[in-house]
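Undergrad: If you scroll down you'll find the structure; I have some questions about it.
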Amino acid sequence: MRPRMVLLIVLAAFWAGSVVDGRALDRGLWDAYKDRFVSPDGRIIDRGNRQMSHSEGQGYGLILAVSADDRPTFERIRQWTRENLQVRGSDHLLAWAWGQRPNGEWTVVDLNNATDGDLLVLYGLLKAFERWNDPALRSEALELARDIKKHVVTNVQNVPVLLPGYYGFVDPNGFVLNLSYYVYPALHTLARYDDDPIWNRLLEAGMDLLHRARRGSWNLPPDWILVNGEGLNVFQKRSSRFGYEAVRVPLYLAWMDRPEALQPWLMVLDWFDKTGSLPLWVDVVDPAVSLTEAPAGFYAVWAVAAQRLNRLEAADKLWKRAREKVEREKDDYYSATLYLLSLRALEGP
């Protein structure tokens, strides 16, 4: 049988064959994901975005490789990340974007870090340490943690906040924050390895920001907020929508098994029960809902959230819809990643 035909059969098994039963990530699903989105040298490729790679994608790859107990692939992703993104020189933070420049060269295209990418990578390293007991993994993670504390943690009225990056997120009216950058499982795990109370403080402060950021009839937070000494507002210059970025918030809450934090968002599941579909975005300022249906990964996120909320009938239907849609999204890296991360979330932090 020709290699291309073998790959297509494996991919079909991936898109159609996932079963949600609380086990660790199935190795067959991971192998099919690797065939499509992981290069032989360990680069996670966003095929729908000019073949680019980002630090968050490298972090997701590390986490999924650990979950699948795939040490060789983990090491390739780890090495590529160190050699190609950990190149800022003055710190251990990761350059967030790698791709093709106008002159044709493939290299870093933005040296600024993305704090969620740094947290995801260090979380992958710590989970790998727990699985394979290699002290070098823990040391690398704590190096990243030290520079996160130094460069992207600041305070608003003595409450710590997590800036999305080293620069570019200080507005004349306050700090521009992204709630999906508070990777709760990473902060939770990091607090067990670094006795600095800042990680638990950030975790709880992030939960409080999330509570204060909910808007609209659906009670959802926007992708971006503005925080200052007077309070919190939607940062409409970037987005007034719960969408592409904020969808990771319910994923991380489900990952942490925090149903009480998900409880206010039951409106999303009620909408799905009535309509049988989920929108790509919801505007939290204007009463608007996208007419474009959400991709498979969004359905998977809400499926695991529904499981945490004991809405088991809705969870079954959401997983079914996710499987149906993911079969048709073979080049959608982000949707496929959310799909696998939602399965990983069932393992807990």
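Ligands are numbered from 1 in the order shown, chains are lettered A, B, ... in the order of the structure tokens, and residues start at 1 in each chain.
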Which residues are near range 252-266 of chain A? Cut-off 10 Å, only C-alpha atoms, ignore same chain within fewer than 5 positions. Put them as a PyMOL selection string.

TA: chain A and resi 180+182-186+188+207+210-211+214+217-221+247+271-272+301-311+341-349

Undergrad: Among range 76-128 of chain A, which ones does DSSP assign to strand (DSSP E) (computed from the backbone)? Answer as a CSV table (one decimal) with N, CA, C and O atoms, in the first residue's frame.

TA:
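File written: states_5.csv
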chain,number,residue,atom,x,y,z
A,97,ALA,N,6.8,33.9,17.7
A,97,ALA,CA,6.4,33.6,16.3
A,97,ALA,C,7.6,33.3,15.4
A,97,ALA,O,8.6,34.0,15.4
A,98,TRP,N,7.5,32.2,14.7
A,98,TRP,CA,8.5,31.7,13.8
A,98,TRP,C,7.9,31.4,12.4
A,98,TRP,O,6.9,30.7,12.4
A,99,GLY,N,8.5,31.9,11.4
A,99,GLY,CA,7.9,31.7,10.1
A,99,GLY,C,8.8,32.1,9.0
A,99,GLY,O,10.0,32.3,9.1
A,100,GLN,N,8.2,32.4,7.8
A,100,GLN,CA,9.0,32.8,6.6
A,100,GLN,C,9.0,34.3,6.5
A,100,GLN,O,7.9,35.0,6.4
A,106,TRP,N,13.4,31.2,6.7
A,106,TRP,CA,12.5,30.7,7.8
A,106,TRP,C,13.3,30.9,9.1
A,106,TRP,O,14.3,30.4,9.3
A,107,THR,N,12.7,31.8,10.0
A,107,THR,CA,13.3,32.1,11.2
A,107,THR,C,12.3,32.8,12.1
A,107,THR,O,11.1,32.9,11.8
A,108,VAL,N,12.8,33.3,13.3
A,108,VAL,CA,11.9,34.1,14.2
A,108,VAL,C,11.4,35.3,13.4
A,108,VAL,O,12.2,36.1,12.8
A,109,VAL,N,10.1,35.6,13.5
A,109,VAL,CA,9.5,36.8,12.9
A,109,VAL,C,9.1,37.8,13.9
A,109,VAL,O,8.6,38.9,13.6
A,110,ASP,N,9.1,37.4,15.2
A,110,ASP,CA,8.7,38.3,16.3
A,110,ASP,C,9.4,37.8,17.5
A,110,ASP,O,9.1,36.8,18.1

Undergrad: Give me the residues within 10 Å of Pro160 in chain A as a count of residues only, counting only C-alpha atoms and dropping any in the same chain fewer than 5 places off.

TA: 11

Undergrad: Of the residues A:Pro72, A:Pro172, A:Gly165, A:Pro250, which is the one nearest to Ala95 in chain A, using only C-alpha atoms?

TA: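 Checking each candidate against Ala95 in chain A, we get A:Gly165 as the closest.
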
Undergrad: Neighbours of range 81-90 of chain A within 12 Å (only C-alpha atoms; same-chain residues fewer than 2 positions away dropped), as a ChimeraX atom specification?

TA: /A:41-44,53-62,74-79,92-99,106-114,117-118,121-122,125,140-141,143-144,147,150-151,166

Undergrad: Can you work out the spacing between CA of Gln236 in chain A and CA of Pro222 in chain A in Å, to one decimal?

TA: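 Taking CA of Gln236 in chain A and CA of Pro222 in chain A, their separation equals 9.0 Å.
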
Undergrad: What's the separation between CA of Val326 in chain A and CA of Tyr339 in chain A, in Å to one decimal place?

TA: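 These two atoms are separated by 8.2 Å.
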
Undergrad: Can you tell me which residues surround range 67-69 of chain A at a distance of at most 8 Å, considering only C-alpha atoms, apart from same-chain residues fewer than 2 positions away, and format the answer as a list in words?

TA: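 Everything that qualifies: Ala24, Leu25, Asp26, Arg27, Trp30, Ile63, Leu64, Ala65, Arg71 and Arg344 of chain A.
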
Undergrad: Run DSSP on the backbone and give me the residues of range 7-140 of chain A it puts in alpha helix (DSSP H), as a ChimeraX atom specification.

TA: /A:7-17,27-37,55-67,71-84,115-132,135-140

Undergrad: Set the distance at 12 Å and use only C-alpha atoms: which residues neighbour Asp332 in chain A once local chain neighbours fewer than 3 positions away are removed? I'd like the list as a count of residues only.

TA: 24

Undergrad: So the first atom is CA of Asp286 in chain A and the second is CA of Asp208 in chain A; what is the distance between them in Å, to one decimal place?

TA: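 Atom-to-atom, CA of Asp286 in chain A and CA of Asp208 in chain A are spaced 23.4 Å apart.
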
Undergrad: Report as a PyMOL selection string all protein, DNA and RNA residues lying within 12 Å of Leu278 in chain A, evaluated on only C-alpha atoms, omitting residues in the same chain fewer than 2 positions from it.

TA: chain A and resi 243+247+267-276+280-282+289-303+317-318+321-322

Undergrad: Can those selected residues be exported to a file as an mmCIF file, in the first residue's frame so that it contains C-alpha atoms?

TA:
data_model
loop_
_atom_site.group_PDB
_atom_site.id
_atom_site.type_symbol
_atom_site.label_atom_id
_atom_site.label_comp_id
_atom_site.auth_asym_id
_atom_site.auth_seq_id
_atom_site.Cartn_x
_atom_site.Cartn_y
_atom_site.Cartn_z
ATOM 1 C CA GLY A 243 -14.105 33.784 20.551
ATOM 2 C CA VAL A 247 -12.542 29.648 24.274
ATOM 3 C CA MET A 267 -26.248 29.635 28.966
ATOM 4 C CA VAL A 268 -23.877 28.228 26.324
ATOM 5 C CA LEU A 269 -25.062 24.684 26.971
ATOM 6 C CA ASP A 270 -28.682 25.835 27.062
ATOM 7 C CA TRP A 271 -28.196 27.415 23.632
ATOM 8 C CA PHE A 272 -26.716 24.178 22.303
ATOM 9 C CA ASP A 273 -29.603 22.153 23.737
ATOM 10 C CA LYS A 274 -32.072 24.400 21.894
ATOM 11 C CA THR A 275 -30.263 24.847 18.578
ATOM 12 C CA GLY A 276 -27.891 21.893 18.234
ATOM 13 C CA LEU A 280 -17.854 30.867 16.330
ATOM 14 C CA TRP A 281 -18.074 33.917 18.593
ATOM 15 C CA VAL A 282 -20.381 35.818 20.898
ATOM 16 C CA VAL A 289 -23.799 36.056 17.787
ATOM 17 C CA SER A 290 -21.757 34.762 14.860
ATOM 18 C CA LEU A 291 -23.699 33.119 12.050
ATOM 19 C CA THR A 292 -20.631 30.977 11.375
ATOM 20 C CA GLU A 293 -20.633 27.700 13.257
ATOM 21 C CA ALA A 294 -17.769 26.949 15.631
ATOM 22 C CA PRO A 295 -15.135 24.397 14.578
ATOM 23 C CA ALA A 296 -14.729 20.948 16.096
ATOM 24 C CA GLY A 297 -12.265 22.047 18.760
ATOM 25 C CA PHE A 298 -14.764 24.491 20.239
ATOM 26 C CA TYR A 299 -17.342 21.701 20.496
ATOM 27 C CA ALA A 300 -14.776 19.511 22.257
ATOM 28 C CA VAL A 301 -13.997 22.270 24.770
ATOM 29 C CA TRP A 302 -17.660 22.653 25.671
ATOM 30 C CA ALA A 303 -18.071 18.875 25.746
ATOM 31 C CA LYS A 317 -23.985 15.318 21.824
ATOM 32 C CA LEU A 318 -21.140 17.841 21.843
ATOM 33 C CA ARG A 321 -20.670 16.879 16.850
ATOM 34 C CA ALA A 322 -16.969 17.488 17.459
#
